[in-house]
$ cat structure.cif   # mmCIF, C-alpha atoms
data_input
loop_
_atom_site.label_atom_id
_atom_site.label_comp_id
_atom_site.auth_asym_id
_atom_site.auth_seq_id
_atom_site.Cartn_x
_atom_site.Cartn_y
_atom_site.Cartn_z
CA HIS A 1 102.64 68.96 55.57
CA GLY A 2 104.42 70.33 52.52
CA THR A 3 102.11 68.36 50.22
CA HIS A 4 99.05 69.80 51.94
CA VAL A 5 100.43 73.35 51.70
CA THR A 6 101.27 72.83 48.03
CA GLY A 7 97.79 71.57 47.29
CA ILE A 8 96.17 74.66 48.79
CA ILE A 9 98.10 76.79 46.36
CA ALA A 10 97.98 74.81 43.15
CA ALA A 11 96.01 71.54 43.30
CA GLY A 12 93.98 71.19 40.10
CA ASP A 13 90.95 73.44 39.91
CA ALA A 14 90.71 73.62 43.71
CA GLY A 15 93.97 75.45 44.36
CA VAL A 16 94.03 79.21 44.80
CA ALA A 17 96.46 79.56 41.87
CA PRO A 18 96.08 76.27 39.98
CA ASP A 19 98.38 77.25 37.12
CA ALA A 20 101.31 77.70 39.48
CA GLU A 21 104.29 75.41 38.96
CA ILE A 22 105.78 73.84 42.08
CA TYR A 23 109.45 73.63 43.02
CA VAL A 24 110.55 72.02 46.29
CA VAL A 25 113.31 73.08 48.69
CA ARG A 26 113.65 71.27 52.01
CA VAL A 27 114.06 73.07 55.35
CA PHE A 28 113.27 70.43 57.99
CA ASP A 29 115.55 67.51 58.78
CA ASN A 30 114.30 63.94 59.21
CA GLN A 31 113.38 64.67 62.83
CA GLY A 32 111.28 67.68 61.88
CA ARG A 33 113.81 70.20 63.16
CA PHE A 34 115.27 73.26 61.49
CA PHE A 35 117.67 76.07 62.33
CA GLY A 36 117.94 79.69 61.30
CA SER A 37 120.71 78.81 58.87
CA ASP A 38 118.33 76.38 57.16
CA VAL A 39 115.77 79.12 56.66
CA THR A 40 118.23 81.63 55.24
CA ALA A 41 119.78 78.98 52.99
CA ALA A 42 116.34 78.02 51.65
CA ALA A 43 115.44 81.66 51.09
CA GLU A 44 118.67 82.18 49.17
CA ILE A 45 117.87 79.18 46.97
CA CYS A 46 114.50 80.75 46.20
CA ARG A 47 116.19 84.05 45.43
CA GLU A 48 118.77 82.46 43.15
CA ALA A 49 115.94 80.73 41.30
CA ASP A 50 114.35 84.15 40.62
CA ALA A 51 111.45 83.55 43.00
CA ARG A 52 108.88 86.34 43.32
CA ILE A 53 106.95 84.96 46.32
CA ILE A 54 108.09 82.88 49.30
CA ASN A 55 105.56 81.15 51.55
CA MET A 56 106.72 79.79 54.92
CA SER A 57 104.30 77.53 56.75
CA PHE A 58 106.46 77.03 59.80
CA GLY A 59 107.92 79.08 62.61
CA GLY A 60 109.73 79.29 65.90
CA PRO A 61 110.09 81.68 68.88
CA ARG A 62 113.60 82.97 68.15
CA SER A 63 114.31 86.16 66.23
CA LEU A 64 117.67 86.05 64.45
CA SER A 65 119.41 89.04 62.89
CA THR A 66 120.69 86.92 59.99
CA GLU A 67 117.16 85.83 59.10
CA ASN A 68 115.82 89.34 59.49
CA ASN A 69 118.55 90.75 57.25
CA THR A 70 117.89 88.10 54.62
CA PHE A 71 114.19 88.93 54.36
CA ASN A 72 114.94 92.65 54.31
CA ILE A 73 117.21 92.08 51.32
CA LEU A 74 114.58 89.96 49.59
CA ALA A 75 111.96 92.67 50.15
CA ASP A 76 114.29 95.32 48.75
CA GLU A 77 114.58 93.17 45.61
CA GLY A 78 110.80 92.95 45.25
CA ILE A 79 110.39 89.40 46.58
CA ILE A 80 107.29 88.97 48.75
CA SER A 81 107.73 86.69 51.77
CA ILE A 82 104.72 85.23 53.59
CA GLY A 83 104.72 83.36 56.91
CA ALA A 84 102.38 81.50 59.26
CA ALA A 85 101.64 83.65 62.33
CA GLY A 86 101.80 80.65 64.70
CA ASN A 87 99.50 78.11 66.35
CA ASP A 88 99.97 78.68 70.10
CA GLY A 89 96.86 80.82 70.45
CA ASN A 90 98.65 83.55 72.39
CA THR A 91 100.26 86.93 71.74
CA GLU A 92 103.85 85.72 71.33
CA PHE A 93 105.76 86.40 68.11
CA SER A 94 106.66 83.57 65.77
CA TYR A 95 109.47 83.83 63.24
CA PRO A 96 110.04 84.24 60.34
CA ALA A 97 106.42 85.52 60.11
CA SER A 98 107.00 88.34 62.60
CA TYR A 99 109.94 89.93 60.82
CA PRO A 100 108.97 93.36 59.41
CA ALA A 101 109.65 92.26 55.82
CA VAL A 102 107.43 89.14 56.06
CA ILE A 103 103.63 89.09 55.77
CA SER A 104 102.32 87.39 58.92
CA VAL A 105 99.10 85.42 58.30
CA ALA A 106 96.51 84.52 60.95
CA ALA A 107 93.91 81.77 60.52
CA VAL A 108 90.11 82.01 60.40
CA ASP A 109 87.31 79.45 60.11
CA SER A 110 84.53 79.25 57.54
CA ASN A 111 82.45 81.70 59.59
CA MET A 112 85.24 84.29 59.47
CA ASN A 113 85.99 83.79 63.17
CA LEU A 114 89.60 83.83 64.32
CA ALA A 115 90.84 80.28 64.96
CA SER A 116 91.41 79.58 68.65
CA PHE A 117 95.00 78.51 67.94
CA SER A 118 95.94 81.55 65.84
CA GLN A 119 98.54 83.97 67.22
CA ARG A 120 97.31 87.49 68.01
CA ASN A 121 99.95 90.22 68.03
CA SER A 122 101.11 93.47 66.48
CA LYS A 123 102.94 91.67 63.65
CA VAL A 124 99.86 90.02 62.12
CA ASP A 125 99.22 91.56 58.69
CA VAL A 126 96.29 89.64 57.19
CA ALA A 127 94.24 86.48 57.76
CA GLY A 128 93.22 83.53 55.61
CA PRO A 129 91.27 80.26 55.82
CA GLY A 130 92.99 77.87 58.21
CA VAL A 131 90.45 75.57 59.89
CA GLN A 132 89.63 72.10 58.52
CA ILE A 133 91.12 72.89 55.14
CA PRO A 134 90.90 70.07 52.55
CA SER A 135 94.00 69.51 50.46
CA LEU A 136 96.36 66.84 49.16
CA GLY A 137 97.53 64.11 51.50
CA ILE A 138 99.50 60.91 51.20
CA ASP A 139 98.97 58.82 48.04
CA ASN A 140 96.89 61.57 46.43
CA GLY A 141 94.27 61.31 49.15
CA LEU A 142 92.32 64.23 50.59
CA THR A 143 93.25 65.39 54.10
CA LEU A 144 91.72 67.98 56.42
CA LEU A 145 94.25 70.03 58.37
CA SER A 146 94.08 73.19 60.45
CA GLY A 147 96.69 75.81 61.24
CA THR A 148 98.21 79.09 60.20
CA SER A 149 100.31 76.81 57.99
CA GLN A 150 97.12 76.39 55.93
CA ALA A 151 96.22 80.08 56.07
CA ALA A 152 99.58 81.31 54.72
CA PRO A 153 99.40 79.45 51.36
CA HIS A 154 95.93 80.87 50.76
CA VAL A 155 97.47 84.33 50.93
CA ALA A 156 100.46 83.22 48.83
CA GLY A 157 98.06 81.96 46.18
CA VAL A 158 96.20 85.26 46.12
CA VAL A 159 99.48 87.15 45.69
CA ALA A 160 100.34 84.78 42.82
CA LEU A 161 97.06 85.66 41.11
CA MET A 162 97.83 89.34 41.54
CA MET A 163 101.33 88.97 40.09
CA SER A 164 100.01 86.85 37.25
CA PHE A 165 97.60 89.59 36.25
CA ASN A 166 100.59 91.83 35.62
CA ALA A 167 104.08 90.36 36.05
CA SER A 168 105.67 93.80 36.25
CA VAL A 169 103.55 95.08 39.12
CA PRO A 170 105.68 96.44 41.99
CA SER A 171 105.52 94.44 45.20
CA ASP A 172 104.49 97.56 47.14
CA SER A 173 101.39 97.90 44.98
CA ILE A 174 100.52 94.25 45.53
CA LEU A 175 100.85 94.55 49.31
CA THR A 176 98.78 97.74 49.37
CA ALA A 177 96.00 96.17 47.30
CA LEU A 178 96.09 93.02 49.43
CA GLN A 179 95.70 94.98 52.67
CA ASP A 180 93.26 97.61 51.40
CA THR A 181 90.79 94.99 50.16
CA ALA A 182 91.02 92.70 53.21
CA ASN A 183 87.89 92.40 55.35
CA ASN A 184 88.35 92.84 59.10
CA PRO A 185 85.34 91.66 61.17
CA GLU A 186 86.55 93.70 64.15
CA ILE A 187 87.02 97.13 62.56
CA GLN A 188 85.96 98.92 59.38
CA LYS A 189 89.37 100.43 58.64
CA GLY A 190 92.85 99.87 60.01
CA ARG A 191 94.21 96.73 61.65
CA THR A 192 93.80 94.64 64.78
CA ASP A 193 96.14 92.15 66.42
CA SER A 194 93.76 89.27 65.65
CA PHE A 195 93.08 89.79 61.94
CA GLY A 196 95.74 92.31 60.95
CA HIS A 197 94.22 94.34 58.11
CA GLY A 198 91.62 91.60 57.63
CA ILE A 199 90.76 88.42 55.75
CA VAL A 200 92.16 88.45 52.22
CA ASP A 201 89.72 88.82 49.32
CA ALA A 202 91.17 87.45 46.08
CA PHE A 203 88.65 88.99 43.71
CA ASP A 204 88.70 92.46 45.26
CA ALA A 205 92.50 92.45 45.49
CA VAL A 206 92.98 91.60 41.82
CA THR A 207 90.23 94.00 40.78
CA LEU A 208 91.78 96.89 42.72
CA LEU A 209 95.18 96.09 41.27
CA SER A 210 93.76 96.04 37.75
CA THR A 211 92.08 99.40 38.33
CA GLN A 212 95.33 100.94 39.53
CA PHE A 213 97.17 99.65 36.47
CA THR A 214 94.38 100.80 34.16
CA GLN A 215 94.99 104.31 35.43
CA LEU A 216 98.76 104.00 35.09
CA SER A 217 98.62 102.55 31.59
CA GLY A 218 96.04 104.95 30.20
CA GLY A 219 93.21 102.44 30.09
CA LYS A 220 95.01 99.59 28.35
CA SER A 221 94.37 97.03 31.11
CA ASP A 222 90.90 95.62 31.66
CA PRO A 223 89.79 94.67 35.18
CA PRO A 224 88.81 91.01 35.58
CA SER A 225 85.18 90.15 35.00
CA ALA A 226 83.05 89.17 37.98
CA ALA A 227 81.39 86.58 35.76
CA GLY A 228 84.48 84.41 35.48
CA HIS A 229 87.35 83.01 37.47
CA ILE A 230 90.62 84.89 37.84
CA TRP A 231 93.35 82.54 36.69
CA PRO A 232 96.98 83.49 36.16
CA LYS A 233 97.84 84.68 32.66
CA SER A 234 101.35 83.35 33.13
CA ALA A 235 102.11 80.65 35.68
CA PRO A 236 104.40 81.65 38.53
CA LEU A 237 106.71 79.01 39.94
CA LEU A 238 105.95 78.19 43.53
CA VAL A 239 108.75 76.93 45.74
CA ILE A 240 107.73 74.88 48.76
CA VAL A 241 110.44 74.52 51.38
CA SER A 242 108.90 71.76 53.45
CA ALA A 243 106.81 74.64 54.60
CA ILE A 244 108.31 77.45 52.53
CA ALA A 245 106.85 78.40 49.19
CA ALA A 246 108.09 80.79 46.57
CA PHE A 247 106.81 81.94 43.19
CA MET A 248 108.82 82.89 40.14
CA LEU A 249 107.65 84.53 36.94
#

$ encode --input "structure.cif" --output "structure tokens"
Amino acid sequence: HGTHVTGIIAAGDAGVAPDAEIYVVRVFDNQGRFFGSDVTAAAEICREADARIINMSFGGPRSLSTENNTFNILADEGIISIGAAGNDGNTEFSYPASYPAVISVAAVDSNMNLASFSQRNSKVDVAGPGVQIPSLGIDNGLTLLSGTSQAAPHVAGVVALMMSFNASVPSDSILTALQDTANNPEIQKGRTDSFGHGIVDAFDAVTLLSTQFTQLSGGKSDPPSAAGHIWPKSAPLLVIVSAIAAFML
């Protein structure tokens, strides 16, 4: 699972942010279980390592004040946390994705339809590809997996590209650009419980961010060209916590 998530973000030329460096922190035990204390401990490790982005491709039904407080602190320090909205296909909240300081990511298929398993609720912020996603498997093989666990690292990779364009960009500007350029099939503007603000658009998000910083810097920054790929100018470090991922610059 962690290998597949990692591959979505940074596998060769196929990853969303292929220049990202990967660092691993484990959350799950050998039986596939985890507790709130494991999540907060992993998040603290990411913080101590100067992470800029944390991706969490896991979740559970319990909301814990200690977890919530931890992600609030991380957000106040400019660290962007991203979580999988959940795979039960209902309107229940899944945590840590549903904490206010975490970006909750729903899953869509290749036709931009919401995946049948994707959670639909008021905490969903954006959506990303999450159905039959090819990525790394065991022994360097290719594996197809589906889930909001696959959607979240797509969004984390896009945020990494945005940060790599300008390492000093405030997290609030990144989140605004991410949401303002997302495409929601259900509504032209605003958000819905299925897609949040919409399906993330890497090119438009980075382009909008570059335009904003061109204005702020008096025209010194050039927006990325539509003729080429948008690769990071400096590689962020991505931390995968068995399902958590964090970037550092």

$ resolve_selection --input "structure.cif" --expression "the PyMOL selection byres ((chain A and resi 159) around 10)" --output "PyMOL selection string"
chain A and resi 16-17+52-53+80+82+153-158+160-165+171+174-175+177-178+200+202+205-206+247

$ closest_residue --input "structure.cif" --among "A:Phe195, A:Phe71, A:Phe34, A:Phe28" --to "Asp109 (chain A)" --atoms "only C-alpha atoms"
A:Phe195

$ closest_residue --input "structure.cif" --among "A:Phe203, A:Asn72, A:Gly89, A:Gly32" --to "Val102 (chain A)" --atoms "only C-alpha atoms"
A:Asn72

$ closest_residue --input "structure.cif" --among "A:Asn166, A:Ser57, A:Ser63, A:Gln179" --to "Thr148 (chain A)" --atoms "only C-alpha atoms"
A:Ser57

$ atom_distance --input "structure.cif" --atom1 "CA of Lys189 (chain A)" --atom2 "CA of Gln212 (chain A)"
20.0 Å

$ atom_distance --input "structure.cif" --atom1 "CA of Gly196 (chain A)" --atom2 "CA of Ser210 (chain A)"
23.6 Å

$ residues_around --input "structure.cif" --residues "Gly12 (chain A)" --least-positions-apart "6" --cutoff "12 Å" --atoms "all atoms listed in the file" --output "JSON, numbers by chain"
{"A": [6, 18, 19, 20, 21, 135, 136, 140, 231]}

$ closest_residue --input "structure.cif" --among "A:Leu209, A:Ile54, A:Ala115, A:Ile45" --to "Pro129 (chain A)" --atoms "all atoms listed in the file"
A:Ala115

$ residues_around --input "structure.cif" --residues "Ser94 (chain A)" --least-positions-apart "5" --cutoff "6 Å" --atoms "all atoms listed in the file" --output "ChimeraX atom specification"
/A:59-61,86

$ closest_residue --input "structure.cif" --among "A:Thr207, A:Ser149, A:Asp172, A:Ala51" --to "Ala101 (chain A)" --atoms "only C-alpha atoms"
A:Asp172

$ residues_around --input "structure.cif" --residues "Val124 (chain A)" --least-positions-apart "6" --cutoff "12 Å" --atoms "all atoms listed in the file" --output "ChimeraX atom specification"
/A:82-86,91-107,118,148,152,179,191-199

$ closest_residue --input "structure.cif" --among "A:Thr3, A:Ser81, A:Thr40, A:Asn30" --to "Gln150 (chain A)" --atoms "all atoms listed in the file"
A:Thr3

$ resolve_selection --input "structure.cif" --expression "the PyMOL selection byres ((chain A and resi 137) around 10)" --output "compact mmCIF listing (two decimals) with C-alpha atoms, keeping the file's coordinate frame"
# COMPACT_ATOMS: atom_id res chain seq x y z
CA HIS A 1 102.64 68.96 55.57
CA GLY A 2 104.42 70.33 52.52
CA THR A 3 102.11 68.36 50.22
CA HIS A 4 99.05 69.80 51.94
CA VAL A 5 100.43 73.35 51.70
CA GLY A 7 97.79 71.57 47.29
CA PRO A 134 90.90 70.07 52.55
CA SER A 135 94.00 69.51 50.46
CA LEU A 136 96.36 66.84 49.16
CA ILE A 138 99.50 60.91 51.20
CA ASP A 139 98.97 58.82 48.04
CA ASN A 140 96.89 61.57 46.43
CA GLY A 141 94.27 61.31 49.15
CA LEU A 142 92.32 64.23 50.59
CA THR A 143 93.25 65.39 54.10
CA LEU A 144 91.72 67.98 56.42
CA LEU A 145 94.25 70.03 58.37

$ axis_aligned_box --input "structure.cif" --around "region 77-80 of chain A" --padding-each-side "8 Å" --output "lines of an AutoDock Vina configuration file"
center_x = 110.9
center_y = 91.1
center_z = 47.0
size_x = 23.3
size_y = 20.2
size_z = 19.5

$ atom_distance --input "structure.cif" --atom1 "CA of Val39 (chain A)" --atom2 "CA of Asn55 (chain A)"
11.6 Å

$ resolve_selection --input "structure.cif" --expression "the PyMOL selection byres ((chain A and resi 70) around 10)" --output "number ranges by chain"
A: 39-41, 43-44, 65-69, 71-76, 101
